[in-house]
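**Student:** To start, I am sharing the structure in question, which I have written as structure tokens.
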Amino acid sequence: MSSFLFEQIVNGIITGSVYALVAAGMTMIFGVLRAINFAHGEYYMLGTFAAWWVMSKLAADYSLAIVGGVAIVSVIAVLIGRSVMQRLIGQPFQAGVLATLGLSLILQNVVILAFGGGYKVFSGGWLEPIELGDFGMSQQRVILVVITIAVFAGLEWMVRSTRLGRSIRAVSQNIECCQVNGIDVEQVVRRTFLIGVAIAALSGILTGPINVSIYGGMGEAITLKTFAVIVMGGMGNVRGTLIAGCLLGVVESLVAGFIGLQYRDSVGFIVLLFMLMFRPHGLFSSKARF
Amino acid sequence: MSYPTNSRLRGAALVAIAAIAGFCALAPASAQTDTFKIGVIAPMSGPNARYGAFANKGAALAAKEINAAGGVLGKQIELVSGDSQCVPAEGVAATQRMISLEKTPVIIGDVCSSVTLAMQPLAEESKVLLVNAASSNPDITYKAGVGGFKWTFRNYPTDEVRAATVLEYASKTKGFKKFAVLSVDSDYGRGAIKFTKRYLPKYEGAEILSEDYYKDSETDFRSVLSKIRRSGAQAIILYGQADTTPIIARQMLELGLAGKVALVGNGEFNTKETIAAAPKVMNGAVEAAAWLPEVPAPRSLKFVEDYKKANGGEMPNNHAYTHYDTLNLVMAAIRSANSLKAEDIRNAMAKIKYDSPMGVVTFDDHNQAVMPMVLLEITDGKPAIKGMIATKVDYAGGAK
């Protein structure tokens with residue numbers, strides 16, 4: 001029984017790292033823009049599609065597809081950042097909701113129009129199973145967890161030691177003071193958006209081999225779950241999302257394993273409900289940041 | 001960034017109105033007096049968009065053939081497409097639009113059982129003929145014909161027959177006794193399991209060890225597969241969707257279930273891509289399907305060839321065939337009734353003896369087509385047809 005429990009916890013941490021990775025980007029974007037990026041799941045989907053396109057149309061192998069996919073989505077992020085996201089600075093949150101919801105619809109349907117509505121099979125990826133005690137997992141999952149930790153470590157370093165990181169912290173605290181101090185707020189917003197979206201795309205490409213079937217609407221479910229994760233972790237709090245993501249993953253796994261798979265999605269939303277009712281600023285923020 | 005000025009707002013409003021007016025003017029003029037419109041409602045977006053794409057392509061091939069042969073009763077057929085997204089509320093909205101705006105007397109729809117169940121009352125109220133070509137939940141025809149909805153017909157086998165057949169083969173021929181249930185959380189998945197459980201006591205020693213249902217956008221099955229591995233189940237009863245079967249197969253491979261646990265049920269196990277996703281897992285899978293390209297009937301094989309030619313070499317799936325066949329069925333009913341009015345077509349369908357590529361099809365008193373189903377097992381990476389089952393539904397015995 002205890003090894004079953006251990007197995008479910010490991011499953012949960014793996015799932016949770018995916019949530020955490022996507023949530024990191026969304027929470028950073030929220031931090032600087034005060035706008036919830038409802039299109040975030042779409043960038044995850046675009047990353048997967050871009051990598052699939054690179055592999056099938058350009059006949060590249062998976063490692064090259066990771067780089068290619070992130071590159072393509074980064075270009076899209078630059079375009080969207082300039083045209084839409086930077087105009088949201090200082091706007092009321094309704095503007096952000098409308099803009100990102102609209103983007104989400106457009107991106108989903110552009111992909112459906114371009115590639116058709118049917119699902120595509122994502123070939124490639126390191127799928128050889130590794131044995132860990134009495135259960136197995138594919139190499140891809142181990143790589144996923146390792147890269148998640150690496151990305152978070154990288155974000156931590158960036159926020160502490162680089163100029164961009166300090167600017168991000170400044171912008172997320174007070175925009176007017178930043179403008180007084182000569183920080184180019186629009187550039188910081190565009191760069192943060194780019195980083196957040198690139199991380200989401202990377203996460204999509206890494207989960208492509210284990211999700212196998214990709215289709216234009218796959219981002220929607222991701223956006224909703226990620227929203228629950230960032231509220232849990234504290235909106236704008238990057239470290240918090242790592243723990244919140246893994247926590248959510250583990251609880252979902254335990255519920256799926258012991259109670260039933262059909263209740264898995266409800267965990268995230270019940271948590272969201274309780275968080276918003278009793279602790280809206282998140283589990284890990286000691287005071288409300290906004 | 002300041003709030004836009006009044007004059008800029010007015011300007012923007014004028015542009016918006018002009019654009020909307022422009023689009024309305026460009027919209028095609030209605031009242032094409034020389035075509036007969038048939039609606040096809042299927043999921044065109046969302047996780048089940050694959051089914052909608054195949055359904056429309058199958059119907060389009062039939063329409064092209066019919067129009068090339070002169071149309072029906074002197075008129076050309078025009079197919080009108082609606083998107084149900086496999087969500088009941090959206091399906092009903094699409095049906096409403098089809099009935100009010102396009103005024104189609106016949107609608108072929110939906111693929112998803114949950115949507116079809118929701119569409120039935122609307123079709124009944126509006127006296128529009130609803131011919132289903134892909135939903136397998138038994139309740140659709142339990143409630144049709146003498147069961148209530150006189151305007152619903154179904155040209156597709158029901159899960160009652162499917163569940164019974166699959167269970168019989170799995171228990172008797174393959175010798176499985178311990179089953180785990182993992183089905184899609186919809187009327188289709190749950191309905192099939194309900195009927196499986198009803199027939200389970202017939203097989204001594206057979207038991208269901210665990211029961212789980214997954215949402216159609218689910219991608220992570222590790223937790224439930226770990227549970228199944230530890231439970232000692234010999235087979236997973238899977239009534240699911242084409243796009244999740246490869247995911248489940250691959251994760252079964254990951255967790256070391258390949259060759260130890262078989263998949264039994266339905267979920268497009270027989271397509272090349274699904275088998276290729278994890279061949280070691282799919283070998284030995286048992287499926288009862290409405291149709292597959294390998295069926296050795298001459299007109300069916302011709303359909304496969306024609307479809308491939310019309311769609312760039314793509315293999316049709318069973319929904320492509322059933323929508324192709326159903327459109328031809330509706331045409332046969334129209335010719336037999338010699339009328340394009342929904343009421344006459346409906347009366348003709350109830351009495352029809354339609355010669356389909358798979359055999360003669362008639363409808364029973366619940367408007368359910370009496371038609372064969374194909375039982376197959378995946379052997380050496382290819383589907384091997386083990387038998388064709390044609391059973392009539394026992395409504396009295398199977399009442400809810």
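Residues are referred to by chain and number: the chain letter is A, B, ... according to the order shown in the structure tokens, the number counts from 1 in that chain, and ligands are numbered separately from 1 in the order shown.
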With a cut-off of 7 Å and counting only C-alpha atoms, select all residues of chain B in contact with chain A and give the selection as an MDAnalysis selection string.

**Tutor:** chainID B and resid 44:47 49:50 53 212:215 219 222:224 227 243 246:247 254:256

**Student:** Those same residues - N, CA and C atoms - I'd like them written as an mmCIF file, in the first residue's frame.

**Tutor:**
data_model
loop_
_atom_site.group_PDB
_atom_site.id
_atom_site.type_symbol
_atom_site.label_atom_id
_atom_site.label_comp_id
_atom_site.auth_asym_id
_atom_site.auth_seq_id
_atom_site.Cartn_x
_atom_site.Cartn_y
_atom_site.Cartn_z
ATOM 1 N N MET B 44 -16.927 19.867 -34.937
ATOM 2 C CA MET B 44 -15.903 20.344 -35.865
ATOM 3 C C MET B 44 -14.732 20.978 -35.126
ATOM 4 N N SER B 45 -14.855 21.181 -33.808
ATOM 5 C CA SER B 45 -13.751 21.735 -33.030
ATOM 6 C C SER B 45 -13.751 21.050 -31.676
ATOM 7 N N GLY B 46 -12.683 21.215 -30.935
ATOM 8 C CA GLY B 46 -12.605 20.543 -29.647
ATOM 9 C C GLY B 46 -11.969 19.164 -29.790
ATOM 10 N N PRO B 47 -11.911 18.398 -28.700
ATOM 11 C CA PRO B 47 -11.201 17.121 -28.731
ATOM 12 C C PRO B 47 -11.777 16.124 -29.717
ATOM 13 N N ALA B 49 -12.977 16.809 -32.791
ATOM 14 C CA ALA B 49 -13.094 17.381 -34.128
ATOM 15 C C ALA B 49 -12.751 16.370 -35.222
ATOM 16 N N ARG B 50 -11.944 15.395 -34.864
ATOM 17 C CA ARG B 50 -11.576 14.369 -35.858
ATOM 18 C C ARG B 50 -12.816 13.699 -36.412
ATOM 19 N N ALA B 53 -14.706 15.911 -38.856
ATOM 20 C CA ALA B 53 -14.055 16.031 -40.158
ATOM 21 C C ALA B 53 -14.345 14.811 -41.019
ATOM 22 N N ASP B 212 -13.369 3.600 -13.589
ATOM 23 C CA ASP B 212 -12.950 5.004 -13.719
ATOM 24 C C ASP B 212 -13.428 5.573 -15.043
ATOM 25 N N TYR B 213 -13.739 6.864 -15.022
ATOM 26 C CA TYR B 213 -14.169 7.538 -16.244
ATOM 27 C C TYR B 213 -13.285 8.746 -16.473
ATOM 28 N N TYR B 214 -12.898 8.974 -17.711
ATOM 29 C CA TYR B 214 -12.016 10.104 -17.971
ATOM 30 C C TYR B 214 -12.697 11.166 -18.821
ATOM 31 N N LYS B 215 -12.302 12.429 -18.572
ATOM 32 C CA LYS B 215 -12.828 13.538 -19.369
ATOM 33 C C LYS B 215 -12.162 13.509 -20.739
ATOM 34 N N THR B 219 -5.189 13.840 -20.365
ATOM 35 C CA THR B 219 -3.985 13.298 -20.997
ATOM 36 C C THR B 219 -3.136 12.479 -20.038
ATOM 37 N N ARG B 222 -1.589 7.994 -15.767
ATOM 38 C CA ARG B 222 -0.642 7.205 -14.978
ATOM 39 C C ARG B 222 -1.248 6.737 -13.666
ATOM 40 N N SER B 223 -1.952 7.639 -12.971
ATOM 41 C CA SER B 223 -2.478 7.252 -11.658
ATOM 42 C C SER B 223 -3.436 6.081 -11.774
ATOM 43 N N VAL B 224 -4.353 6.178 -12.731
ATOM 44 C CA VAL B 224 -5.348 5.125 -12.799
ATOM 45 C C VAL B 224 -4.728 3.843 -13.355
ATOM 46 N N LYS B 227 -3.045 2.071 -10.585
ATOM 47 C CA LYS B 227 -4.043 1.373 -9.774
ATOM 48 C C LYS B 227 -4.444 0.069 -10.448
ATOM 49 N N ASP B 243 -8.845 9.804 -30.058
ATOM 50 C CA ASP B 243 -7.591 10.510 -29.773
ATOM 51 C C ASP B 243 -6.996 10.148 -28.426
ATOM 52 N N PRO B 246 -4.487 6.286 -28.257
ATOM 53 C CA PRO B 246 -3.016 6.236 -28.345
ATOM 54 C C PRO B 246 -2.338 6.696 -27.061
ATOM 55 N N ILE B 247 -2.925 7.672 -26.363
ATOM 56 C CA ILE B 247 -2.321 8.156 -25.117
ATOM 57 C C ILE B 247 -2.351 7.051 -24.073
ATOM 58 N N GLU B 254 4.507 2.527 -20.965
ATOM 59 C CA GLU B 254 5.402 3.101 -19.965
ATOM 60 C C GLU B 254 5.372 2.360 -18.655
ATOM 61 N N LEU B 255 4.162 2.012 -18.220
ATOM 62 C CA LEU B 255 4.011 1.421 -16.904
ATOM 63 C C LEU B 255 4.200 -0.080 -16.933
ATOM 64 N N GLY B 256 4.586 -0.625 -18.068
ATOM 65 C CA GLY B 256 4.898 -2.047 -18.131
ATOM 66 C C GLY B 256 3.675 -2.936 -18.264
#

**Student:** Pick out the residues sitting within 6 Å of segment 129-137 of chain B, and hand them over as a ChimeraX atom specification; count only C-alpha atoms, and ignore anything fewer than 3 positions along from it in its own chain.

**Tutor:** /B:106-109,111-113,151-156,158-159,188,191,322-323

**Student:** Provide the atom CA of Asp184 of chain A to atom CA of Met85 of chain A distance in Å, to one decimal place.

**Tutor:**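 These atoms are spaced 14.7 Å apart.
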
**Student:** I want to know what sits within 8 Å of Asp216 of chain B, based on only C-alpha atoms, with residues of the same chain fewer than 6 positions away left out; could you give that as a list in words?

**Tutor:**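 In the requested form, the answer reads Pro47, Val184, Asp185, Gln241 and Thr244 of chain B.
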
**Student:** Please list as a list in words every residue within 9 Å of Phe38 of chain A, counting only C-alpha atoms and excluding residues in the same chain fewer than 6 positions away.

**Tutor:** Met26, Gly96, Val97, Leu98, Ala99, Thr100, Leu101, Gly102, Leu103, Ser104, Glu220, Thr223, Leu224 and Phe227 of chain A

**Student:** Could you tell me which of B:Ile193, B:Lys353, B:Arg230, B:Tyr199 comes closest to Ser3 of chain A if we count only C-alpha atoms?

**Tutor:**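 Going through B:Ile193, B:Lys353, B:Arg230, B:Tyr199 one by one, the smallest distance to Ser3 of chain A is for B:Arg230.
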
**Student:** Compile the contact shell of Pro383 of chain B as a VMD selection string: residues with an atom at most 10 Å away, counting only C-alpha atoms, same-chain residues fewer than 3 positions apart removed.

**Tutor:** chain B and resid 269 to 272 275 282 to 287 292 to 294 375 to 380 386

**Student:** Which polymer residues have any atom within 7 Å of an atom of Phe36 of chain B, counting only C-alpha atoms, with same-chain residues fewer than 6 positions away left out, as a count of residues only?

**Tutor:** 4

**Student:** What's the separation between atom CA of Ala200 of chain A and atom CA of Gln187 of chain A, in Å to one decimal place?

**Tutor:** 19.9 Å

**Student:** Just give me the gap between atom CA of Ser266 of chain A and atom CA of Lys225 of chain A in Å, one decimal is fine.

**Tutor:**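 Separation between atom CA of Ser266 of chain A and atom CA of Lys225 of chain A: 10.0 Å.
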
**Student:** Out of B:Arg8, B:Val261, B:Thr104, B:Tyr307, which residue has the shortest atom-to-atom distance to Asn56 of chain B when counting only C-alpha atoms?

**Tutor:**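 Of B:Arg8, B:Val261, B:Thr104, B:Tyr307, the one nearest Asn56 of chain B, counting only C-alpha atoms, is B:Tyr307.
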